[in-house]
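Enquirer: Data file structure-v7.cif (mmCIF, C-alpha atoms and all ligand atoms) is appended below.
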```cif
data_input
#
loop_
_atom_site.label_atom_id
_atom_site.label_comp_id
_atom_site.auth_asym_id
_atom_site.auth_seq_id
_atom_site.Cartn_x
_atom_site.Cartn_y
_atom_site.Cartn_z
CA MET N 111 13.04 -33.31 -0.24
CA THR N 112 14.13 -35.82 -2.83
CA GLU N 113 11.79 -36.36 -5.72
CA ALA N 114 12.88 -39.99 -5.79
CA ALA N 115 10.66 -40.48 -2.74
CA PHE N 116 7.63 -40.30 -5.02
CA THR N 117 6.63 -43.00 -7.47
CA PRO N 118 6.68 -41.54 -10.99
CA ARG N 119 3.15 -40.65 -12.00
CA VAL N 120 2.00 -38.56 -14.96
CA PHE N 121 -1.02 -36.26 -14.87
CA SER N 122 -2.30 -33.78 -17.42
CA GLY N 123 -5.55 -32.11 -18.39
CA ILE N 124 -7.31 -30.43 -21.28
CA GLN N 125 -10.32 -28.13 -21.16
CA PRO N 126 -13.46 -29.39 -22.89
CA SER N 127 -14.27 -26.11 -24.52
CA GLY N 128 -14.51 -27.25 -28.14
CA ASN N 129 -12.20 -27.11 -31.14
CA LEU N 130 -9.47 -29.54 -30.18
CA HIS N 131 -6.67 -28.54 -32.55
CA LEU N 132 -3.23 -29.49 -33.85
CA GLY N 133 -1.54 -27.50 -31.04
CA ASN N 134 -3.38 -29.60 -28.43
CA TYR N 135 -2.46 -32.74 -30.32
CA LEU N 136 1.27 -32.07 -30.76
CA GLY N 137 1.77 -30.15 -27.50
CA ALA N 138 -0.27 -32.53 -25.37
CA LEU N 139 -2.28 -35.53 -26.65
CA LYS N 140 0.43 -37.16 -28.74
CA ARG N 141 2.84 -36.85 -25.83
CA PHE N 142 0.23 -38.18 -23.39
CA ALA N 143 0.13 -41.37 -25.47
CA GLU N 144 3.93 -41.56 -25.50
CA ALA N 145 4.03 -41.36 -21.69
CA GLN N 146 1.37 -44.06 -21.44
CA ASN N 147 3.41 -46.29 -23.72
CA GLN N 148 6.48 -45.91 -21.53
CA GLY N 149 4.66 -47.91 -18.88
CA VAL N 150 4.44 -45.24 -16.15
CA GLN N 151 1.06 -44.66 -14.46
CA THR N 152 -0.84 -42.00 -16.41
CA LEU N 153 -3.95 -39.99 -15.55
CA TYR N 154 -5.58 -37.67 -18.09
CA CYS N 155 -8.43 -35.41 -17.20
CA MET N 156 -11.08 -33.45 -19.05
CA VAL N 157 -11.08 -30.34 -16.87
CA ASP N 158 -14.74 -29.34 -17.08
CA LEU N 159 -14.51 -27.27 -13.88
CA HIS N 160 -11.77 -25.17 -15.47
CA ALA N 161 -13.91 -24.72 -18.59
CA ILE N 162 -16.73 -23.08 -16.57
CA THR N 163 -14.46 -20.25 -15.42
CA VAL N 164 -15.91 -18.64 -18.53
CA TRP N 165 -19.54 -19.18 -19.53
CA GLN N 166 -20.31 -22.51 -21.21
CA GLU N 167 -23.63 -23.47 -22.75
CA PRO N 168 -24.55 -26.67 -20.83
CA ALA N 169 -25.37 -28.73 -23.93
CA ASP N 170 -22.13 -27.60 -25.57
CA LEU N 171 -20.08 -28.49 -22.49
CA ARG N 172 -21.61 -31.96 -22.35
CA HIS N 173 -20.87 -32.51 -26.03
CA ALA N 174 -17.34 -31.08 -25.80
CA THR N 175 -16.48 -33.30 -22.82
CA ARG N 176 -17.53 -36.44 -24.68
CA GLU N 177 -15.82 -35.28 -27.85
CA LEU N 178 -12.63 -34.60 -25.90
CA ALA N 179 -12.80 -38.11 -24.43
CA ALA N 180 -13.16 -39.43 -27.99
CA GLY N 181 -10.16 -37.30 -29.00
CA PHE N 182 -8.08 -38.76 -26.16
CA ILE N 183 -8.90 -42.32 -27.19
CA ALA N 184 -8.49 -41.64 -30.93
CA SER N 185 -5.05 -40.14 -30.18
CA GLY N 186 -3.89 -43.44 -28.73
CA LEU N 187 -4.94 -43.31 -25.08
CA ASP N 188 -6.19 -46.66 -23.90
CA PRO N 189 -8.76 -46.44 -21.07
CA ALA N 190 -7.42 -49.73 -19.71
CA ARG N 191 -3.88 -48.40 -19.40
CA SER N 192 -4.49 -44.70 -18.67
CA ILE N 193 -7.04 -43.34 -16.23
CA LEU N 194 -9.32 -41.11 -18.32
CA PHE N 195 -11.96 -39.07 -16.52
CA ASN N 196 -13.67 -35.73 -16.22
CA GLN N 197 -12.71 -33.52 -13.31
CA SER N 198 -16.17 -32.84 -11.87
CA GLN N 199 -16.69 -36.55 -11.11
CA VAL N 200 -13.82 -36.53 -8.61
CA ALA N 201 -14.74 -34.11 -5.83
CA GLU N 202 -11.24 -34.29 -4.32
CA HIS N 203 -10.03 -31.81 -6.99
CA THR N 204 -12.24 -29.00 -5.68
CA GLN N 205 -11.68 -29.96 -2.06
CA LEU N 206 -7.91 -29.75 -2.42
CA ALA N 207 -8.29 -26.60 -4.52
CA TRP N 208 -9.89 -24.88 -1.52
CA VAL N 209 -6.89 -25.81 0.61
CA PHE N 210 -4.60 -24.37 -2.06
CA ASN N 211 -6.69 -21.19 -2.26
CA CYS N 212 -5.60 -20.73 1.34
CA VAL N 213 -1.94 -21.54 0.58
CA ALA N 214 -1.47 -19.47 -2.60
CA ARG N 215 -1.03 -15.70 -2.24
CA MET N 216 -3.02 -13.03 -4.09
CA GLY N 217 0.21 -11.62 -5.50
CA TRP N 218 1.13 -14.96 -7.07
CA MET N 219 -2.21 -15.19 -8.83
CA GLN N 220 -2.05 -11.58 -10.01
CA ARG N 221 1.16 -12.35 -11.88
CA MET N 222 -0.44 -15.08 -14.02
CA THR N 223 -0.23 -13.97 -17.64
CA GLN N 224 -3.04 -16.29 -18.71
CA PHE N 225 -5.41 -14.58 -16.26
CA LYS N 226 -4.36 -11.17 -17.55
CA ASP N 227 -4.86 -12.29 -21.17
CA LYS N 228 -8.21 -13.94 -20.55
CA ALA N 229 -9.64 -11.31 -18.23
CA GLY N 230 -8.46 -8.54 -20.56
CA LYS N 231 -9.23 -4.93 -19.71
CA ASN N 232 -12.32 -5.89 -17.82
CA ALA N 233 -10.67 -7.84 -14.97
CA GLN N 234 -13.25 -6.62 -12.43
CA ASN N 235 -15.87 -8.49 -14.37
CA ALA N 236 -13.94 -11.77 -14.66
CA SER N 237 -15.20 -14.66 -12.53
CA LEU N 238 -13.53 -15.38 -9.21
CA GLY N 239 -13.00 -18.89 -10.60
CA LEU N 240 -10.88 -17.53 -13.46
CA PHE N 241 -8.63 -15.84 -10.91
CA ALA N 242 -8.36 -19.00 -8.77
CA TYR N 243 -7.93 -21.23 -11.84
CA PRO N 244 -4.24 -22.08 -11.21
CA ALA N 245 -4.96 -23.25 -7.64
CA LEU N 246 -7.46 -25.77 -9.03
CA MET N 247 -4.84 -26.80 -11.56
CA ALA N 248 -2.32 -27.39 -8.75
CA ALA N 249 -4.96 -29.47 -6.97
CA ASP N 250 -5.54 -31.56 -10.13
CA ILE N 251 -1.88 -32.47 -10.16
CA LEU N 252 -1.08 -32.75 -6.47
CA ALA N 253 -4.22 -34.74 -5.57
CA TYR N 254 -2.38 -37.62 -7.25
CA HIS N 255 1.13 -36.72 -6.09
CA ALA N 256 1.90 -36.53 -9.81
CA THR N 257 5.60 -36.12 -10.51
CA HIS N 258 5.49 -35.25 -14.22
CA VAL N 259 3.09 -33.10 -16.21
CA PRO N 260 3.34 -33.04 -20.01
CA VAL N 261 1.99 -29.74 -21.38
CA GLY N 262 2.59 -27.15 -24.08
CA GLU N 263 4.74 -24.09 -23.43
CA ASP N 264 1.75 -21.88 -22.51
CA GLN N 265 1.20 -23.82 -19.25
CA LYS N 266 4.71 -23.31 -17.92
CA GLN N 267 3.85 -20.48 -15.56
CA HIS N 268 0.93 -22.42 -14.09
CA LEU N 269 3.23 -25.34 -13.39
CA GLU N 270 5.73 -23.08 -11.66
CA LEU N 271 2.90 -21.91 -9.45
CA THR N 272 2.01 -25.55 -8.72
CA ARG N 273 5.58 -26.06 -7.51
CA ASP N 274 5.38 -22.91 -5.38
CA ILE N 275 2.16 -24.14 -3.78
CA ALA N 276 3.69 -27.55 -3.02
CA ILE N 277 6.82 -25.95 -1.55
CA LYS N 278 4.83 -23.52 0.61
CA PHE N 279 2.51 -26.23 1.91
CA ASN N 280 5.46 -28.47 2.77
CA ASN N 281 7.26 -25.57 4.51
CA ASP N 282 4.20 -24.26 6.34
CA PHE N 283 3.48 -27.66 7.87
CA GLY N 284 7.04 -28.99 8.10
CA VAL N 285 6.34 -32.01 5.92
CA ASP N 286 7.63 -33.59 2.70
CA PHE N 287 4.13 -34.39 1.60
CA PHE N 288 3.62 -32.93 -1.88
CA PRO N 289 6.11 -33.65 -4.69
CA ILE N 290 7.75 -30.78 -6.56
CA THR N 291 6.29 -31.61 -9.94
CA GLU N 292 8.36 -31.52 -13.12
CA PRO N 293 6.81 -29.82 -16.14
CA VAL N 294 7.55 -31.87 -19.27
CA ILE N 295 7.66 -29.42 -22.17
CA GLU N 296 9.50 -31.28 -24.90
CA GLY N 297 9.66 -31.79 -28.64
CA ALA N 298 9.49 -29.62 -31.72
CA ALA N 299 5.93 -28.42 -31.21
CA THR N 300 5.49 -27.18 -27.67
CA ARG N 301 4.14 -23.94 -29.10
CA VAL N 302 2.29 -24.43 -32.38
CA MET N 303 1.51 -21.08 -33.97
CA SER N 304 -1.51 -19.89 -35.96
CA LEU N 305 -1.41 -20.77 -39.66
CA ARG N 306 -2.43 -17.18 -40.43
CA ASP N 307 0.04 -15.36 -38.17
CA GLY N 308 3.35 -16.79 -36.98
CA ALA N 309 3.37 -14.44 -33.98
CA LYS N 310 0.11 -15.82 -32.52
CA LYS N 311 -0.41 -19.16 -30.80
CA MET N 312 -2.73 -21.65 -32.52
CA SER N 313 -5.82 -21.38 -30.36
CA LYS N 314 -9.38 -22.61 -30.13
CA SER N 315 -10.59 -19.08 -29.60
CA ASP N 316 -9.11 -17.59 -32.80
CA PRO N 317 -12.10 -16.33 -34.83
CA SER N 318 -10.53 -17.60 -38.06
CA ASP N 319 -10.99 -21.33 -38.55
CA MET N 320 -8.22 -21.16 -41.18
CA SER N 321 -5.77 -20.36 -38.38
CA ARG N 322 -5.91 -23.88 -36.96
CA ILE N 323 -6.26 -27.51 -37.94
CA ASN N 324 -9.04 -29.03 -35.86
CA LEU N 325 -8.90 -32.69 -34.95
CA THR N 326 -12.39 -32.93 -36.43
CA ASP N 327 -11.25 -31.62 -39.86
CA ASP N 328 -11.43 -34.03 -42.78
CA ALA N 329 -8.60 -34.63 -45.25
CA ASP N 330 -9.75 -31.89 -47.66
CA ALA N 331 -9.98 -29.26 -44.96
CA ILE N 332 -6.55 -30.16 -43.57
CA ALA N 333 -4.90 -29.98 -47.02
CA LYS N 334 -6.63 -26.69 -47.83
CA LYS N 335 -5.55 -25.03 -44.57
CA ILE N 336 -1.93 -26.00 -45.15
CA ARG N 337 -2.03 -24.87 -48.77
CA LYS N 338 -3.34 -21.48 -47.64
CA ALA N 339 -1.05 -21.16 -44.60
CA LYS N 340 0.80 -17.86 -44.50
CA THR N 341 4.47 -18.08 -45.51
CA ASP N 342 7.15 -15.77 -46.84
CA PRO N 343 8.35 -15.83 -50.47
CA GLU N 344 11.78 -17.41 -49.81
CA PRO N 345 12.46 -21.15 -50.11
CA LEU N 346 13.24 -23.01 -46.89
CA PRO N 347 16.77 -22.34 -45.62
CA SER N 348 19.26 -25.19 -45.59
CA GLU N 349 19.78 -25.12 -41.81
CA ALA N 350 17.55 -24.62 -38.76
CA LYS N 351 19.41 -21.41 -37.90
CA GLY N 352 17.96 -19.80 -41.04
CA LEU N 353 14.45 -20.14 -39.56
CA GLU N 354 15.10 -17.82 -36.64
CA GLU N 355 13.65 -14.67 -38.17
CA ARG N 356 10.97 -16.50 -40.16
CA PRO N 357 8.17 -17.41 -37.73
CA GLU N 358 5.73 -18.84 -40.30
CA ALA N 359 8.35 -21.03 -41.97
CA ARG N 360 9.64 -22.14 -38.58
CA ASN N 361 6.14 -23.08 -37.47
CA LEU N 362 5.51 -25.28 -40.51
CA VAL N 363 8.89 -26.99 -40.09
CA ASN N 364 8.19 -27.58 -36.38
CA ILE N 365 4.80 -29.06 -37.20
CA TYR N 366 6.38 -31.32 -39.82
CA ALA N 367 9.08 -32.46 -37.39
CA ALA N 368 6.60 -33.22 -34.60
CA LEU N 369 4.19 -35.08 -36.89
CA ALA N 370 7.02 -37.12 -38.42
CA ASP N 371 8.73 -37.79 -35.07
CA LYS N 372 11.91 -36.22 -36.41
CA SER N 373 14.19 -33.48 -35.17
CA VAL N 374 14.14 -30.08 -36.86
CA ASP N 375 17.66 -30.80 -38.13
CA GLN N 376 16.49 -34.02 -39.77
CA VAL N 377 13.65 -32.14 -41.47
CA MET N 378 16.08 -29.51 -42.72
CA ALA N 379 18.31 -32.24 -44.13
CA GLU N 380 15.29 -33.58 -46.04
CA ALA N 381 13.52 -30.40 -47.06
CA GLY N 382 16.08 -27.56 -46.74
CA GLY N 383 16.22 -25.39 -49.87
CA LYS N 384 12.78 -26.48 -51.14
CA PRO N 385 10.25 -23.80 -52.08
CA PHE N 386 6.92 -23.80 -50.21
CA SER N 387 5.24 -25.02 -53.39
CA GLU N 388 7.02 -28.33 -52.69
CA PHE N 389 7.18 -28.30 -48.90
CA LYS N 390 3.49 -27.53 -48.32
CA PRO N 391 2.24 -30.60 -50.24
CA MET N 392 4.72 -32.75 -48.28
CA LEU N 393 3.38 -31.32 -45.03
CA ALA N 394 -0.25 -31.64 -46.18
CA ASP N 395 0.25 -35.34 -47.01
CA LEU N 396 1.87 -35.99 -43.67
CA ALA N 397 -0.78 -34.07 -41.72
CA VAL N 398 -3.63 -35.84 -43.54
CA ASP N 399 -1.94 -39.15 -42.90
CA LYS N 400 -1.66 -38.50 -39.15
CA ILE N 401 -4.72 -36.37 -38.37
CA ALA N 402 -7.51 -37.62 -40.67
CA PRO N 403 -7.60 -41.10 -39.01
CA ILE N 404 -8.01 -39.41 -35.62
CA SER N 405 -10.95 -37.43 -36.90
CA THR N 406 -12.56 -40.56 -38.39
CA GLU N 407 -12.07 -42.47 -35.15
CA MET N 408 -13.52 -39.60 -33.09
CA SER N 409 -16.71 -39.62 -35.18
CA ARG N 410 -16.98 -43.37 -34.78
CA LEU N 411 -16.56 -43.17 -31.00
CA MET N 412 -19.09 -40.31 -30.77
CA GLN N 413 -21.77 -42.63 -32.11
CA ASP N 414 -21.79 -44.39 -28.75
CA VAL N 415 -21.82 -41.79 -25.99
CA THR N 416 -23.07 -44.34 -23.47
CA GLU N 417 -19.77 -46.16 -23.85
CA ILE N 418 -17.84 -42.89 -23.47
CA ASP N 419 -19.77 -42.05 -20.30
CA ARG N 420 -19.03 -45.53 -18.96
CA ILE N 421 -15.30 -45.08 -19.62
CA LEU N 422 -15.31 -41.72 -17.81
CA ALA N 423 -17.23 -43.11 -14.80
CA ASN N 424 -14.79 -46.00 -14.54
CA GLY N 425 -11.81 -43.64 -14.83
CA ALA N 426 -13.30 -41.42 -12.13
CA ASP N 427 -13.61 -44.38 -9.73
CA ARG N 428 -9.97 -45.27 -10.25
CA ALA N 429 -8.87 -41.64 -9.91
CA ARG N 430 -10.83 -41.21 -6.69
CA ALA N 431 -9.19 -44.28 -5.20
CA ILE N 432 -5.82 -42.49 -5.51
CA ALA N 433 -6.92 -38.97 -4.60
CA ALA N 434 -9.15 -39.70 -1.58
CA PRO N 435 -6.39 -40.95 0.77
CA ILE N 436 -4.10 -38.08 -0.31
CA LEU N 437 -6.84 -35.55 0.53
CA ARG N 438 -7.49 -37.23 3.88
CA GLN N 439 -3.80 -37.05 4.74
CA THR N 440 -3.70 -33.39 3.67
CA TYR N 441 -6.59 -32.59 6.00
CA ASP N 442 -4.92 -34.50 8.79
CA ILE N 443 -1.63 -32.63 8.34
CA MET N 444 -3.61 -29.38 8.62
CA GLY N 445 -5.40 -30.43 11.78
CA MET N 446 -8.87 -31.22 10.46
CA VAL N 447 -10.73 -33.70 12.66
CA GLY N 448 -12.23 -36.64 10.82
CA PRO N 449 -11.87 -40.23 9.73
CA ARG N 450 -8.51 -40.91 8.17
CA GLU N 451 -6.41 -43.64 6.76
CA LEU N 452 -2.86 -43.11 7.92
P1 LIG Z 1 -5.73 -26.16 -22.62
O1 LIG Z 1 -7.03 -26.89 -22.55
O2 LIG Z 1 -5.75 -24.75 -23.03
O3 LIG Z 1 -4.73 -26.92 -23.56
C1 LIG Z 1 -4.49 -28.32 -23.44
C2 LIG Z 1 -3.06 -28.65 -23.74
O4 LIG Z 1 -2.71 -28.24 -25.08
C3 LIG Z 1 -1.54 -27.43 -25.05
N1 LIG Z 1 -1.65 -26.43 -26.12
C4 LIG Z 1 -0.69 -26.22 -27.03
N2 LIG Z 1 0.50 -26.82 -27.23
C5 LIG Z 1 1.25 -26.38 -28.28
N3 LIG Z 1 0.85 -25.39 -29.12
C6 LIG Z 1 -0.34 -24.77 -28.95
N4 LIG Z 1 -0.74 -23.81 -29.79
C7 LIG Z 1 -1.17 -25.17 -27.87
N5 LIG Z 1 -2.39 -24.78 -27.42
C8 LIG Z 1 -2.66 -25.56 -26.35
C9 LIG Z 1 -1.55 -26.78 -23.68
O5 LIG Z 1 -0.27 -26.34 -23.30
C10 LIG Z 1 -2.06 -27.92 -22.81
O6 LIG Z 1 -1.00 -28.80 -22.48
N6 LIG Z 1 -4.83 -25.14 -17.80
C11 LIG Z 1 -4.77 -26.19 -18.81
C12 LIG Z 1 -5.57 -27.42 -18.46
C13 LIG Z 1 -5.25 -28.03 -17.15
C14 LIG Z 1 -4.09 -28.78 -16.82
C15 LIG Z 1 -4.26 -29.20 -15.47
C16 LIG Z 1 -2.95 -29.13 -17.53
C17 LIG Z 1 -6.03 -28.00 -16.04
N7 LIG Z 1 -5.47 -28.72 -15.05
C18 LIG Z 1 -3.31 -29.96 -14.82
C19 LIG Z 1 -1.98 -29.90 -16.86
C20 LIG Z 1 -2.17 -30.31 -15.53
C21 LIG Z 1 -5.32 -25.62 -20.11
O7 LIG Z 1 -6.11 -24.72 -20.12
O8 LIG Z 1 -4.96 -26.31 -21.22
#
```
Please rewrite the model in this file as structure tokens.
Expert:
Amino acid sequence: MTEAAFTPRVFSGIQPSGNLHLGNYLGALKRFAEAQNQGVQTLYCMVDLHAITVWQEPADLRHATRELAAGFIASGLDPARSILFNQSQVAEHTQLAWVFNCVARMGWMQRMTQFKDKAGKNAQNASLGLFAYPALMAADILAYHATHVPVGEDQKQHLELTRDIAIKFNNDFGVDFFPITEPVIEGAATRVMSLRDGAKKMSKSDPSDMSRINLTDDADAIAKKIRKAKTDPEPLPSEAKGLEERPEARNLVNIYAALADKSVDQVMAEAGGKPFSEFKPMLADLAVDKIAPISTEMSRLMQDVTEIDRILANGADRARAIAAPILRQTYDIMGMVGPREL
């Protein structure tokens, strides 16, 4: 199958489970806006059905979904140009996910490192939904015949599984129906690390709030977290190669590069040889400059949740208009009797 047969279409999703952070911004949101601005069709989803694979307090989930929508818009996504919606409003996601539950193999799911990490030692007690999570993710993407999916590094394995599901479906039914989606994992910050430990990913679930910069942090909090970020005692090296064995220094340089839209080599040309007492204030200024306006805009948008809900309902209608015929054709290929638009 040639991928050229499919119109380029970008899809990605983020879980509304609170604490949207700098890793989500640099690894995902900022790049979502870049894709939108390249003029290709873009769909971005608040994946509330993925969030409930672990317990969510209903009031918190409702708040987090709206806050995530505000974060999308404040990061440069325009509801007129991108389709912004929450997953549970478009039933086709779960309908196609069931089909993919029947395509994917137990062994494939058992290999998912994210499941192993999240389920921990007590896998018998994890929800069935947590195990099936990647099949729903494949459905999110393939319900739109999306060709490109911008994500951070940690989603790579899930996207490989999405490709495997598409390939198996196409083979099983002898069709070229689902595209073999390309993961788009690009830029200096596809894996932003914790500010407290360069070996750990920046994450919403880290108990230490000092480990991450939240998109809701104000200028003072952002500057303080960077000032206190863990580093080593050496000044920055003069070349990127010198960062290899220095995870904390490398992380701060990567963050700087991604925020400034520069390459790591350009940052090294500017800041190589500087001690952290000079580099950290440079980074803090840049981060405040880029992140604080997002936080201010999110608070402003959150004052009108009716408007946010309206944007999500409108996005869901537009999303459904694409996904419904694709689901109907999927059912038809599989031999389900019913009305269809062929
Ligand atoms: P989630 O909600 O955990 O994260 C959302 C996005 O942020 C990226 N990200 C990071 N990037 C760089 N450094 C980090 N420290 C960091 N932490 C998170 C993630 O890679 C992701 O791009 N399963 C997905 C949500 C999802 C999805 C989809 C994504 C559901 N359906 C379909 C793409 C397409 C997840 O849990 O992301």
Enquirer: Please build the interface table for chain N against ligand LIG 1 (chain Z) with a cut-off of 9 Å, listing for each qualifying residue the nearest atom pair and the distance in Å to one decimal; count all atoms listed in the file, order rows by chain and increasing number, and write it as a tab-separated table.
Expert:
```
residue	atom	partner	partner_atom	distance
N:Phe121	CA	Z:LIG1	C20	6.1
N:Ser122	CA	Z:LIG1	C19	3.9
N:Gly123	CA	Z:LIG1	C14	4.0
N:Ile124	CA	Z:LIG1	O1	3.8
N:Gln125	CA	Z:LIG1	O1	3.8
N:Pro126	CA	Z:LIG1	O1	6.9
N:Ser127	CA	Z:LIG1	O1	7.5
N:Leu130	CA	Z:LIG1	O1	8.4
N:His131	CA	Z:LIG1	N5	7.7
N:Leu132	CA	Z:LIG1	C6	7.4
N:Gly133	CA	Z:LIG1	C6	3.6
N:Asn134	CA	Z:LIG1	O4	3.7
N:Tyr135	CA	Z:LIG1	O4	6.9
N:Leu136	CA	Z:LIG1	C5	6.2
N:Gly137	CA	Z:LIG1	N2	3.6
N:Ala138	CA	Z:LIG1	O6	4.8
N:Leu139	CA	Z:LIG1	O4	7.5
N:Tyr154	CA	Z:LIG1	C20	8.5
N:Cys155	CA	Z:LIG1	N7	7.6
N:Met156	CA	Z:LIG1	C17	8.0
N:Val157	CA	Z:LIG1	C17	5.6
N:Asp158	CA	Z:LIG1	C17	8.9
N:Leu159	CA	Z:LIG1	C17	8.8
N:His160	CA	Z:LIG1	C17	6.4
N:Ala161	CA	Z:LIG1	O7	7.9
N:Gln197	CA	Z:LIG1	N7	8.9
N:Tyr243	CA	Z:LIG1	N6	7.8
N:Pro244	CA	Z:LIG1	N6	7.3
N:Leu246	CA	Z:LIG1	N7	7.0
N:Met247	CA	Z:LIG1	N7	4.0
N:Ala248	CA	Z:LIG1	C18	6.7
N:Ala249	CA	Z:LIG1	C18	8.0
N:Asp250	CA	Z:LIG1	C18	5.4
N:Ile251	CA	Z:LIG1	C18	5.5
N:Val259	CA	Z:LIG1	C20	6.0
N:Pro260	CA	Z:LIG1	O6	6.6
N:Val261	CA	Z:LIG1	O6	3.3
N:Gly262	CA	Z:LIG1	O5	3.1
N:Glu263	CA	Z:LIG1	O5	5.5
N:Asp264	CA	Z:LIG1	O5	5.0
N:Gln265	CA	Z:LIG1	O5	5.0
N:Lys266	CA	Z:LIG1	O5	7.9
N:His268	CA	Z:LIG1	N6	7.4
N:Leu269	CA	Z:LIG1	C20	7.6
N:Pro293	CA	Z:LIG1	C19	8.8
N:Ile295	CA	Z:LIG1	O5	8.6
N:Ala299	CA	Z:LIG1	C5	5.9
N:Thr300	CA	Z:LIG1	C5	4.4
N:Arg301	CA	Z:LIG1	N3	3.6
N:Val302	CA	Z:LIG1	N3	3.7
N:Met303	CA	Z:LIG1	N4	5.5
N:Ser304	CA	Z:LIG1	N4	7.4
N:Lys310	CA	Z:LIG1	N4	8.5
N:Lys311	CA	Z:LIG1	N4	4.8
N:Met312	CA	Z:LIG1	N4	4.0
N:Ser313	CA	Z:LIG1	N5	5.7
N:Lys314	CA	Z:LIG1	N5	7.8
N:Arg322	CA	Z:LIG1	N4	8.8
```
Enquirer: Residues near range 187-192 of chain N, anyone? I mean within 7 Å using all atoms listed in the file, not counting same-chain ones fewer than 2 positions away, as a PyMOL selection string.
Expert: chain N and resi 143+146+151-153+182-183+185+194+421
Enquirer: Using only C-alpha atoms, which protein or nucleic acid residues come within 10 Å of Ile401 in chain N? Drop anything in the same chain fewer than 3 positions from it, and give the result as a list of chain:residue names.
Expert: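 Using only C-alpha atoms, the neighbours found are N:His131, N:Leu132, N:Tyr135, N:Ala184, N:Ser185, N:Ile323, N:Asn324, N:Leu325, N:Thr326, N:Asp327, N:Asp328, N:Ala329, N:Ile332, N:Leu369, N:Leu396, N:Ala397, N:Val398, N:Ile404, N:Ser405, N:Thr406.
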Enquirer: Please produce an output containing C-alpha atoms for each residue in the selection, written as an mmCIF file, in the frame of the given file.
Expert:
```
data_model
loop_
_atom_site.group_PDB
_atom_site.id
_atom_site.type_symbol
_atom_site.label_atom_id
_atom_site.label_comp_id
_atom_site.auth_asym_id
_atom_site.auth_seq_id
_atom_site.Cartn_x
_atom_site.Cartn_y
_atom_site.Cartn_z
ATOM 1 C CA HIS N 131 -6.670 -28.540 -32.550
ATOM 2 C CA LEU N 132 -3.230 -29.490 -33.850
ATOM 3 C CA TYR N 135 -2.460 -32.740 -30.320
ATOM 4 C CA ALA N 184 -8.490 -41.640 -30.930
ATOM 5 C CA SER N 185 -5.050 -40.140 -30.180
ATOM 6 C CA ILE N 323 -6.260 -27.510 -37.940
ATOM 7 C CA ASN N 324 -9.040 -29.030 -35.860
ATOM 8 C CA LEU N 325 -8.900 -32.690 -34.950
ATOM 9 C CA THR N 326 -12.390 -32.930 -36.430
ATOM 10 C CA ASP N 327 -11.250 -31.620 -39.860
ATOM 11 C CA ASP N 328 -11.430 -34.030 -42.780
ATOM 12 C CA ALA N 329 -8.600 -34.630 -45.250
ATOM 13 C CA ILE N 332 -6.550 -30.160 -43.570
ATOM 14 C CA LEU N 369 4.190 -35.080 -36.890
ATOM 15 C CA LEU N 396 1.870 -35.990 -43.670
ATOM 16 C CA ALA N 397 -0.780 -34.070 -41.720
ATOM 17 C CA VAL N 398 -3.630 -35.840 -43.540
ATOM 18 C CA ILE N 404 -8.010 -39.410 -35.620
ATOM 19 C CA SER N 405 -10.950 -37.430 -36.900
ATOM 20 C CA THR N 406 -12.560 -40.560 -38.390
#
```
Enquirer: Out of N:Ala394, N:Ala180, N:Ala309, N:Val363, which residue has the shortest atom-to-atom distance to Lys338 in chain N when counting all atoms listed in the file?
Expert: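 Nearest candidate to Lys338 in chain N out of N:Ala394, N:Ala180, N:Ala309, N:Val363: N:Ala394.
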Enquirer: Show which residues sit within 7 Å of range 252-256 of chain N, as a VMD selection string. Count only C-alpha atoms, and ignore same-chain residues fewer than 4 positions away.
Expert: chain N and resid 119 to 121 203 206 248 288 to 289 291 432 to 433 436 to 437
Enquirer: Which residue, N:Met320, N:Met446, N:Ala381, N:Ile193, has the smallest gap to Arg428 in chain N when you use only C-alpha atoms?
Expert: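 Ranking N:Met320, N:Met446, N:Ala381, N:Ile193 by distance to Arg428 in chain N, first place goes to N:Ile193.
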Enquirer: For the atom pair CA of Val377 in chain N and CA of Ser348 in chain N, what is the interatomic distance in Å to one decimal place?
Expert: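 So the answer is 9.8 Å.
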Enquirer: Between N:Asp419, N:Glu296, N:Asp330, N:Asp442, single out the one closest to Glu144 in chain N, counting all atoms listed in the file.
Expert: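 Among the listed residues, N:Glu296 lies closest to Glu144 in chain N.
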Enquirer: Restricting the calculation to only C-alpha atoms, which member of N:Pro168, N:Gly297, N:Gly445, N:Pro317 is positioned closest to Ile365 in chain N?
Expert: N:Gly297
Enquirer: Which residues, written as number ranges by chain, have at least one atom at most 12 Å from Leu238 in chain N, with all atoms listed in the file counted and residues fewer than 5 positions away on the same chain left out?
Expert: N: 160, 162-164, 211, 216, 219, 225, 229, 233, 243-245
Enquirer: Any idea what's packed within 6 Å of Glu358 in chain N, counting only C-alpha atoms, ignoring anything in its chain fewer than 3 positions away? Could you give it as a tab-separated table (two decimals) with C-alpha atoms, in the coordinates of the input?
Expert:
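The result, stored in around.tsv:
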```tsv
chain	number	residue	atom	x	y	z
N	308	GLY	CA	3.35	-16.79	-36.98
N	341	THR	CA	4.47	-18.08	-45.51
N	361	ASN	CA	6.14	-23.08	-37.47
```
Enquirer: What is the distance between CA of Ala201 in chain N and CA of His173 in chain N, in Å to one decimal?
Expert: 21.2 Å
Enquirer: Record the distance separating CA of Asp427 in chain N and CA of Ile277 in chain N, expressed in Å with one decimal.
Expert: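 Distance reported for this atom pair: 28.7 Å.
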Enquirer: Check the smallest atom-to-atom distance from each of N:Leu362, N:Val294, N:Val209, N:Leu353 to Ala276 in chain N using only C-alpha atoms, then report the winner.
Expert: N:Val209
Enquirer: Select range 244-248 of chain N in the preceding structure and write C-alpha atoms to a file as a tab-separated table (two decimals), in the first residue's frame.
Expert:
```tsv
chain	number	residue	atom	x	y	z
N	244	PRO	CA	-3.46	1.06	23.06
N	245	ALA	CA	-6.31	-0.42	20.98
N	246	LEU	CA	-8.44	2.63	21.82
N	247	MET	CA	-5.48	4.81	20.90
N	248	ALA	CA	-5.22	3.07	17.51
```
